[in-house]
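With compact mmCIF, N, CA and C atoms inside, this is upload00.txt:
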# COMPACT_ATOMS: atom_id res chain seq x y z
N MET A 26 10.45 -16.34 -31.14
CA MET A 26 11.51 -16.90 -31.94
C MET A 26 12.58 -15.85 -32.15
N PHE A 27 13.82 -16.27 -32.04
CA PHE A 27 14.98 -15.43 -32.30
C PHE A 27 15.80 -16.10 -33.39
N GLY A 28 16.00 -15.38 -34.50
CA GLY A 28 16.78 -15.91 -35.61
C GLY A 28 18.27 -15.83 -35.35
N ASP A 29 19.04 -16.00 -36.41
CA ASP A 29 20.51 -16.02 -36.29
C ASP A 29 21.09 -14.74 -35.73
N ASP A 30 20.39 -13.60 -35.89
CA ASP A 30 20.92 -12.35 -35.35
C ASP A 30 20.59 -12.18 -33.86
N CYS A 31 19.82 -13.12 -33.29
CA CYS A 31 19.47 -13.14 -31.86
C CYS A 31 18.71 -11.89 -31.42
N HIS A 32 18.01 -11.25 -32.34
CA HIS A 32 17.29 -10.01 -32.07
C HIS A 32 15.84 -10.14 -32.54
N ARG A 33 14.95 -9.52 -31.78
CA ARG A 33 13.55 -9.48 -32.20
C ARG A 33 12.94 -8.18 -31.71
N ARG A 34 12.21 -7.52 -32.56
CA ARG A 34 11.43 -6.34 -32.17
C ARG A 34 10.02 -6.81 -31.90
N VAL A 35 9.46 -6.33 -30.81
CA VAL A 35 8.12 -6.77 -30.43
C VAL A 35 7.43 -5.65 -29.63
N PRO A 36 6.14 -5.44 -29.87
CA PRO A 36 5.41 -4.48 -29.05
C PRO A 36 5.24 -5.02 -27.63
N VAL A 37 5.27 -4.09 -26.67
CA VAL A 37 5.10 -4.44 -25.27
C VAL A 37 4.14 -3.45 -24.62
N GLU A 38 3.33 -3.95 -23.73
CA GLU A 38 2.48 -3.11 -22.88
C GLU A 38 3.08 -3.16 -21.48
N MET A 39 3.56 -2.02 -20.98
CA MET A 39 4.21 -1.96 -19.67
C MET A 39 3.38 -1.13 -18.70
N GLU A 40 3.44 -1.50 -17.41
CA GLU A 40 2.80 -0.70 -16.37
C GLU A 40 3.29 0.74 -16.45
N GLY A 41 2.37 1.68 -16.40
CA GLY A 41 2.75 3.09 -16.35
C GLY A 41 3.14 3.71 -17.68
N VAL A 42 3.08 2.93 -18.76
CA VAL A 42 3.42 3.43 -20.10
C VAL A 42 2.17 3.28 -20.97
N ASP A 43 1.76 4.38 -21.60
CA ASP A 43 0.55 4.34 -22.43
C ASP A 43 0.75 3.49 -23.68
N ASP A 44 -0.26 2.73 -24.02
CA ASP A 44 -0.33 1.99 -25.28
C ASP A 44 0.75 0.92 -25.43
N LEU A 45 0.75 0.29 -26.59
CA LEU A 45 1.80 -0.66 -26.96
C LEU A 45 2.96 0.13 -27.55
N ASN A 46 4.16 -0.23 -27.18
CA ASN A 46 5.36 0.43 -27.69
C ASN A 46 6.40 -0.64 -28.01
N THR A 47 7.13 -0.44 -29.08
CA THR A 47 8.08 -1.45 -29.55
C THR A 47 9.39 -1.41 -28.77
N ILE A 48 9.87 -2.60 -28.43
CA ILE A 48 11.19 -2.75 -27.83
C ILE A 48 12.00 -3.71 -28.69
N GLY A 49 13.30 -3.60 -28.61
CA GLY A 49 14.18 -4.58 -29.22
C GLY A 49 14.65 -5.54 -28.14
N MET A 50 14.54 -6.82 -28.41
CA MET A 50 14.97 -7.84 -27.45
C MET A 50 16.18 -8.58 -28.04
N PHE A 51 17.16 -8.87 -27.19
CA PHE A 51 18.38 -9.55 -27.62
C PHE A 51 18.65 -10.72 -26.69
N VAL A 52 18.91 -11.88 -27.28
CA VAL A 52 19.28 -13.08 -26.50
C VAL A 52 20.67 -13.54 -26.97
N GLU A 53 21.25 -14.49 -26.25
CA GLU A 53 22.62 -14.92 -26.54
C GLU A 53 22.72 -15.93 -27.68
N SER A 54 21.65 -16.68 -27.94
CA SER A 54 21.71 -17.65 -29.04
C SER A 54 20.33 -17.78 -29.68
N PRO A 55 20.29 -18.09 -30.98
CA PRO A 55 19.01 -18.23 -31.68
C PRO A 55 18.18 -19.33 -31.04
N GLY A 56 16.88 -19.20 -31.16
CA GLY A 56 16.04 -20.26 -30.64
C GLY A 56 14.57 -19.92 -30.69
N THR A 57 13.76 -20.92 -30.44
CA THR A 57 12.31 -20.79 -30.38
C THR A 57 11.87 -21.13 -28.97
N PHE A 58 10.98 -20.33 -28.45
CA PHE A 58 10.43 -20.57 -27.12
C PHE A 58 9.01 -21.06 -27.25
N TYR A 59 8.60 -21.92 -26.34
CA TYR A 59 7.27 -22.50 -26.35
C TYR A 59 6.55 -22.15 -25.07
N GLU A 60 5.24 -22.30 -25.07
CA GLU A 60 4.44 -21.98 -23.90
C GLU A 60 5.03 -22.64 -22.65
N GLY A 61 5.20 -21.84 -21.62
CA GLY A 61 5.79 -22.33 -20.37
C GLY A 61 7.28 -22.07 -20.25
N ASP A 62 7.95 -21.79 -21.37
CA ASP A 62 9.39 -21.47 -21.34
C ASP A 62 9.59 -20.07 -20.78
N SER A 63 10.78 -19.79 -20.31
CA SER A 63 11.13 -18.43 -19.89
C SER A 63 12.56 -18.15 -20.32
N CYS A 64 12.88 -16.87 -20.40
CA CYS A 64 14.24 -16.48 -20.76
C CYS A 64 14.51 -15.08 -20.22
N GLU A 65 15.78 -14.75 -20.13
CA GLU A 65 16.19 -13.38 -19.84
C GLU A 65 16.71 -12.80 -21.13
N ALA A 66 16.30 -11.57 -21.42
CA ALA A 66 16.74 -10.89 -22.63
C ALA A 66 17.13 -9.46 -22.30
N ASP A 67 18.14 -8.97 -22.96
CA ASP A 67 18.44 -7.54 -22.88
C ASP A 67 17.46 -6.84 -23.81
N CYS A 68 16.95 -5.72 -23.39
CA CYS A 68 15.96 -4.99 -24.18
C CYS A 68 16.36 -3.53 -24.31
N ILE A 69 15.94 -2.93 -25.40
CA ILE A 69 16.15 -1.51 -25.62
C ILE A 69 14.83 -0.91 -26.09
N ALA A 70 14.48 0.22 -25.51
CA ALA A 70 13.25 0.92 -25.89
C ALA A 70 13.50 1.69 -27.17
N ILE A 71 12.62 1.54 -28.14
CA ILE A 71 12.74 2.28 -29.39
C ILE A 71 12.46 3.77 -29.13
N ALA A 72 11.54 4.06 -28.20
CA ALA A 72 11.22 5.44 -27.81
C ALA A 72 11.44 5.56 -26.30
N PRO A 73 12.69 5.73 -25.85
CA PRO A 73 12.99 5.71 -24.42
C PRO A 73 12.25 6.78 -23.62
N GLU A 74 11.91 7.90 -24.25
CA GLU A 74 11.19 8.95 -23.53
C GLU A 74 9.84 8.47 -23.00
N LEU A 75 9.26 7.45 -23.60
CA LEU A 75 7.99 6.90 -23.12
C LEU A 75 8.18 6.01 -21.90
N PHE A 76 9.33 5.37 -21.79
CA PHE A 76 9.57 4.40 -20.74
C PHE A 76 10.25 4.99 -19.50
N LYS A 77 11.17 5.91 -19.70
CA LYS A 77 12.02 6.39 -18.61
C LYS A 77 11.24 6.82 -17.37
N PRO A 78 10.15 7.58 -17.49
CA PRO A 78 9.45 8.03 -16.27
C PRO A 78 8.77 6.89 -15.48
N ALA A 79 8.50 5.77 -16.13
CA ALA A 79 7.70 4.73 -15.49
C ALA A 79 8.43 3.43 -15.20
N ILE A 80 9.52 3.17 -15.88
CA ILE A 80 10.16 1.87 -15.79
C ILE A 80 11.06 1.77 -14.56
N HIS A 81 11.04 0.62 -13.90
CA HIS A 81 11.84 0.37 -12.71
C HIS A 81 11.94 -1.13 -12.50
N PRO A 82 12.95 -1.60 -11.78
CA PRO A 82 13.02 -3.03 -11.49
C PRO A 82 11.73 -3.49 -10.82
N GLY A 83 11.21 -4.60 -11.29
CA GLY A 83 9.95 -5.13 -10.78
C GLY A 83 8.74 -4.74 -11.60
N CYS A 84 8.89 -3.77 -12.50
CA CYS A 84 7.81 -3.33 -13.37
C CYS A 84 7.36 -4.52 -14.24
N LYS A 85 6.08 -4.64 -14.45
CA LYS A 85 5.52 -5.77 -15.21
C LYS A 85 4.95 -5.31 -16.54
N GLY A 86 4.84 -6.23 -17.47
CA GLY A 86 4.25 -5.95 -18.77
C GLY A 86 3.92 -7.23 -19.50
N LYS A 87 3.49 -7.08 -20.76
CA LYS A 87 3.14 -8.22 -21.60
C LYS A 87 3.58 -7.95 -23.03
N LEU A 88 4.13 -8.97 -23.68
CA LEU A 88 4.51 -8.88 -25.08
C LEU A 88 3.31 -9.18 -25.96
N TRP A 89 3.27 -8.54 -27.13
CA TRP A 89 2.13 -8.62 -28.05
C TRP A 89 2.59 -9.08 -29.43
N ASP A 90 1.88 -10.02 -30.00
CA ASP A 90 2.08 -10.43 -31.40
C ASP A 90 0.76 -11.00 -31.89
N GLY A 91 -0.18 -10.12 -32.21
CA GLY A 91 -1.53 -10.57 -32.59
C GLY A 91 -2.34 -10.98 -31.38
N GLY A 92 -1.82 -10.79 -30.21
CA GLY A 92 -2.41 -11.11 -28.91
C GLY A 92 -1.28 -11.18 -27.91
N PHE A 93 -1.62 -11.02 -26.64
CA PHE A 93 -0.58 -11.09 -25.61
C PHE A 93 -0.11 -12.54 -25.49
N PHE A 94 1.21 -12.73 -25.53
CA PHE A 94 1.74 -14.09 -25.52
C PHE A 94 2.79 -14.36 -24.45
N ALA A 95 3.28 -13.31 -23.77
CA ALA A 95 4.31 -13.54 -22.76
C ALA A 95 4.29 -12.43 -21.72
N ASP A 96 4.55 -12.79 -20.48
CA ASP A 96 4.67 -11.81 -19.41
C ASP A 96 6.10 -11.29 -19.35
N VAL A 97 6.23 -10.04 -18.92
CA VAL A 97 7.53 -9.37 -18.81
C VAL A 97 7.72 -8.90 -17.38
N SER A 98 8.92 -9.01 -16.88
CA SER A 98 9.29 -8.44 -15.59
C SER A 98 10.66 -7.80 -15.74
N VAL A 99 10.76 -6.52 -15.43
CA VAL A 99 12.04 -5.81 -15.52
C VAL A 99 12.91 -6.23 -14.35
N LEU A 100 14.11 -6.69 -14.64
CA LEU A 100 15.05 -7.12 -13.61
C LEU A 100 16.04 -6.04 -13.23
N GLU A 101 16.49 -5.29 -14.23
CA GLU A 101 17.53 -4.29 -14.01
C GLU A 101 17.41 -3.20 -15.06
N ILE A 102 17.79 -1.99 -14.69
CA ILE A 102 17.79 -0.86 -15.60
C ILE A 102 19.23 -0.42 -15.82
N TYR A 103 19.59 -0.25 -17.06
CA TYR A 103 20.91 0.29 -17.41
C TYR A 103 20.70 1.73 -17.84
N GLU A 104 21.26 2.66 -17.11
CA GLU A 104 21.10 4.08 -17.40
C GLU A 104 21.99 4.55 -18.55
N ASP A 105 23.11 3.90 -18.79
CA ASP A 105 23.98 4.31 -19.89
C ASP A 105 23.19 4.27 -21.19
N GLY A 106 23.24 5.36 -21.93
CA GLY A 106 22.54 5.40 -23.20
C GLY A 106 21.23 6.16 -23.14
N TRP A 107 20.67 6.37 -21.94
CA TRP A 107 19.44 7.17 -21.83
C TRP A 107 19.78 8.62 -22.09
N PRO A 108 18.98 9.33 -22.85
CA PRO A 108 19.22 10.77 -23.01
C PRO A 108 19.17 11.47 -21.66
N LYS A 109 20.08 12.39 -21.43
CA LYS A 109 20.20 13.06 -20.14
C LYS A 109 19.07 14.05 -19.87
N ASN A 110 18.38 14.53 -20.90
CA ASN A 110 17.36 15.56 -20.71
C ASN A 110 15.97 14.98 -20.43
N LEU A 111 15.83 13.69 -20.21
CA LEU A 111 14.51 13.13 -19.89
C LEU A 111 14.27 13.06 -18.41

Once you've parsed the file, please lay out its structure as structure tokens.
Amino acid sequence: MFGDDCHRRVPVEMEGVDDLNTIGMFVESPGTFYEGDSCEADCIAIAPELFKPAIHPGCKGKLWDGGFFADVSVLEIYEDGWPKNL
């Protein structure tokens, strides 16, 4: 579910990244998704240093909210905003 601010923080388990780590997800309009639905969302890593070494287009993962509820596939990486020293 995405409220009026179109933002949701959710833990994600990604290939090559240890443990669950929180990401921020952003969609264009508020809404609720149901089993079988899909969407594209812009995401930002709360701790980018954990993701940068492992994340790449095609990387897979799963979203968590009391249990895994959605599959993730990275479509594109935006380098702007990543710290240069990682």

Rounded to one decimal in Å, what is the spacing between atom N of Glu38 (chain A) and CA of Ser54 (chain A)?
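About the pair atom N of Glu38 (chain A) and CA of Ser54 (chain A): they are 23.5 Å apart.
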
Which distance in Å separates atom N of Gly83 (chain A) and atom C of Ile102 (chain A), to one decimal?
10.1 Å

Nearby residues (all atoms listed in the file) at most 5 Å from Cys84 (chain A), same-chain spacing under 3 positions excluded, as a list of chain:residue names:
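Here the answer would be A:His81, A:Ser98, A:Val99.
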
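Note that CA of Phe27 (chain A) and CA of Pro82 (chain A) are 24.3 Å apart.
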
List the neighbours of Gly86 (chain A) out to 6 Å using all atoms listed in the file; skip same-chain residues closer than 3 positions along the sequence, and give me the result as a PyMOL selection string.
chain A and resi 38-40+95-98

For the residues in that selection, give me N, CA and C atoms as a PDB file, keeping the file's coordinate frame.
ATOM      1  N   GLU A  38       3.330  -3.950 -23.730  1.00  0.00           N
ATOM      2  CA  GLU A  38       2.480  -3.110 -22.880  1.00  0.00           C
ATOM      3  C   GLU A  38       3.080  -3.160 -21.480  1.00  0.00           C
ATOM      4  N   MET A  39       3.560  -2.020 -20.980  1.00  0.00           N
ATOM      5  CA  MET A  39       4.210  -1.960 -19.670  1.00  0.00           C
ATOM      6  C   MET A  39       3.380  -1.130 -18.700  1.00  0.00           C
ATOM      7  N   GLU A  40       3.440  -1.500 -17.410  1.00  0.00           N
ATOM      8  CA  GLU A  40       2.800  -0.700 -16.370  1.00  0.00           C
ATOM      9  C   GLU A  40       3.290   0.740 -16.450  1.00  0.00           C
ATOM     10  N   ALA A  95       3.280 -13.310 -23.770  1.00  0.00           N
ATOM     11  CA  ALA A  95       4.310 -13.540 -22.760  1.00  0.00           C
ATOM     12  C   ALA A  95       4.290 -12.430 -21.720  1.00  0.00           C
ATOM     13  N   ASP A  96       4.550 -12.790 -20.480  1.00  0.00           N
ATOM     14  CA  ASP A  96       4.670 -11.810 -19.410  1.00  0.00           C
ATOM     15  C   ASP A  96       6.100 -11.290 -19.350  1.00  0.00           C
ATOM     16  N   VAL A  97       6.230 -10.040 -18.920  1.00  0.00           N
ATOM     17  CA  VAL A  97       7.530  -9.370 -18.810  1.00  0.00           C
ATOM     18  C   VAL A  97       7.720  -8.900 -17.380  1.00  0.00           C
ATOM     19  N   SER A  98       8.920  -9.010 -16.880  1.00  0.00           N
ATOM     20  CA  SER A  98       9.290  -8.440 -15.590  1.00  0.00           C
ATOM     21  C   SER A  98      10.660  -7.800 -15.740  1.00  0.00           C
TER      22      SER A  98
END

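By chain and then residue number, the residues within 12 Å of Asp29 (chain A) are Phe51, Val52, Glu53, Ser54, Pro55, Gly56 and Thr57 of chain A, counting only C-alpha atoms and disregarding those fewer than 5 positions away in sequence.
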
Which of chain A DSSP labels alpha helix (DSSP H), written as JSON, numbers by chain
{"A": [73, 74, 75, 76]}

Write out as number ranges by chain all residues of chain A that backbone DSSP assigns to strand (DSSP E or B).
A: 27, 32-39, 46-51, 56, 67-70, 85-89, 93-98

For Ile80 (chain A), the nearest of the candidates A:Asp105, A:Phe93, A:Glu65, A:Gly41, counting only C-alpha atoms
A:Gly41

For Ala79 (chain A), which residue out of A:Val42, A:Arg33, A:Phe94, A:Tyr59 is the nearest one, using all atoms listed in the file?
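Among A:Val42, A:Arg33, A:Phe94, A:Tyr59, it is A:Val42 that comes nearest to Ala79 (chain A).
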
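Nearest-residue note for His32 (chain A): choosing from A:Asp67, A:Ala72, A:Lys85, A:Pro78, the minimum distance belongs to A:Asp67, counting only C-alpha atoms.
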
Return the single residue from A:Leu75, A:Met50, A:Val37, A:Cys64 that is closest to Trp89 (chain A), with distances computed using all atoms listed in the file.
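Answer, going by the shortest atom-to-atom distance: A:Val37.
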
Enclosing box along x, y and z for every listed atom of region 91-105 of chain A, padded 4 Å each side, centre and size in Å, one decimal, as lines of an AutoDock Vina configuration file:
center_x = 10.8
center_y = -4.9
center_z = -22.9
size_x = 34.4
size_y = 26.9
size_z = 27.4

Find the residues near Ile48 (chain A): any atom within 7 Å, counting only C-alpha atoms, skip ones fewer than 3 places away on the same chain, and give them as a list in words.
Arg34, Val35, Pro36, Val37, Cys68, Ile69, Ala70 and Ile71 of chain A

Can you give me all heavy atoms for region 85-96 of chain A, written as a compact mmCIF listing (two decimals), keeping the file's coordinate frame?
# COMPACT_ATOMS: atom_id res chain seq x y z
N LYS A 85 6.08 -4.64 -14.45
CA LYS A 85 5.52 -5.77 -15.21
C LYS A 85 4.95 -5.31 -16.54
O LYS A 85 4.57 -4.15 -16.71
CB LYS A 85 4.39 -6.45 -14.41
CG LYS A 85 4.80 -6.92 -13.03
CD LYS A 85 5.66 -8.13 -13.12
CE LYS A 85 5.93 -8.64 -11.70
NZ LYS A 85 7.03 -9.52 -11.62
N GLY A 86 4.84 -6.23 -17.47
CA GLY A 86 4.25 -5.95 -18.77
C GLY A 86 3.92 -7.23 -19.50
O GLY A 86 4.04 -8.33 -18.95
N LYS A 87 3.49 -7.08 -20.76
CA LYS A 87 3.14 -8.22 -21.60
C LYS A 87 3.58 -7.95 -23.03
O LYS A 87 3.43 -6.84 -23.53
CB LYS A 87 1.64 -8.45 -21.59
CG LYS A 87 1.10 -8.87 -20.24
CD LYS A 87 -0.40 -9.12 -20.31
CE LYS A 87 -0.89 -9.54 -18.94
NZ LYS A 87 -2.25 -10.00 -18.94
N LEU A 88 4.13 -8.97 -23.68
CA LEU A 88 4.51 -8.88 -25.08
C LEU A 88 3.31 -9.18 -25.96
O LEU A 88 2.46 -9.99 -25.61
CB LEU A 88 5.64 -9.87 -25.40
CG LEU A 88 6.94 -9.68 -24.63
CD1 LEU A 88 7.93 -10.76 -25.04
CD2 LEU A 88 7.52 -8.30 -24.87
N TRP A 89 3.27 -8.54 -27.13
CA TRP A 89 2.13 -8.62 -28.05
C TRP A 89 2.59 -9.08 -29.43
O TRP A 89 3.58 -8.59 -29.96
CB TRP A 89 1.49 -7.25 -28.18
CG TRP A 89 0.42 -7.16 -29.22
CD1 TRP A 89 0.59 -6.82 -30.54
CD2 TRP A 89 -0.97 -7.41 -29.06
NE1 TRP A 89 -0.60 -6.84 -31.18
CE2 TRP A 89 -1.58 -7.20 -30.30
CE3 TRP A 89 -1.75 -7.79 -27.97
CZ2 TRP A 89 -2.94 -7.36 -30.50
CZ3 TRP A 89 -3.10 -7.94 -28.17
CH2 TRP A 89 -3.69 -7.73 -29.41
N ASP A 90 1.88 -10.02 -30.00
CA ASP A 90 2.08 -10.43 -31.40
C ASP A 90 0.76 -11.00 -31.89
O ASP A 90 0.57 -12.20 -31.88
CB ASP A 90 3.21 -11.43 -31.53
CG ASP A 90 3.58 -11.73 -32.98
OD1 ASP A 90 2.99 -11.12 -33.89
OD2 ASP A 90 4.46 -12.58 -33.20
N GLY A 91 -0.18 -10.12 -32.21
CA GLY A 91 -1.53 -10.57 -32.59
C GLY A 91 -2.34 -10.98 -31.38
O GLY A 91 -3.45 -11.47 -31.50
N GLY A 92 -1.82 -10.79 -30.21
CA GLY A 92 -2.41 -11.11 -28.91
C GLY A 92 -1.28 -11.18 -27.91
O GLY A 92 -0.12 -11.34 -28.28
N PHE A 93 -1.62 -11.02 -26.64
CA PHE A 93 -0.58 -11.09 -25.61
C PHE A 93 -0.11 -12.54 -25.49
O PHE A 93 -0.90 -13.46 -25.41
CB PHE A 93 -1.10 -10.58 -24.28
CG PHE A 93 -1.36 -9.10 -24.29
CD1 PHE A 93 -2.64 -8.60 -24.25
CD2 PHE A 93 -0.31 -8.20 -24.37
CE1 PHE A 93 -2.88 -7.24 -24.28
CE2 PHE A 93 -0.53 -6.83 -24.40
CZ PHE A 93 -1.83 -6.35 -24.35
N PHE A 94 1.21 -12.73 -25.53
CA PHE A 94 1.74 -14.09 -25.52
C PHE A 94 2.79 -14.36 -24.45
O PHE A 94 3.17 -15.50 -24.24
CB PHE A 94 2.32 -14.46 -26.90
CG PHE A 94 3.59 -13.75 -27.27
CD1 PHE A 94 4.83 -14.32 -27.00
CD2 PHE A 94 3.55 -12.51 -27.88
CE1 PHE A 94 6.00 -13.66 -27.34
CE2 PHE A 94 4.72 -11.85 -28.23
CZ PHE A 94 5.95 -12.43 -27.96
N ALA A 95 3.28 -13.31 -23.77
CA ALA A 95 4.31 -13.54 -22.76
C ALA A 95 4.29 -12.43 -21.72
O ALA A 95 4.04 -11.27 -22.05
CB ALA A 95 5.69 -13.62 -23.40
N ASP A 96 4.55 -12.79 -20.48
CA ASP A 96 4.67 -11.81 -19.41
C ASP A 96 6.10 -11.29 -19.35
O ASP A 96 7.05 -12.00 -19.68
CB ASP A 96 4.31 -12.44 -18.06
CG ASP A 96 2.85 -12.84 -17.99
OD1 ASP A 96 2.00 -12.12 -18.55
OD2 ASP A 96 2.56 -13.87 -17.37
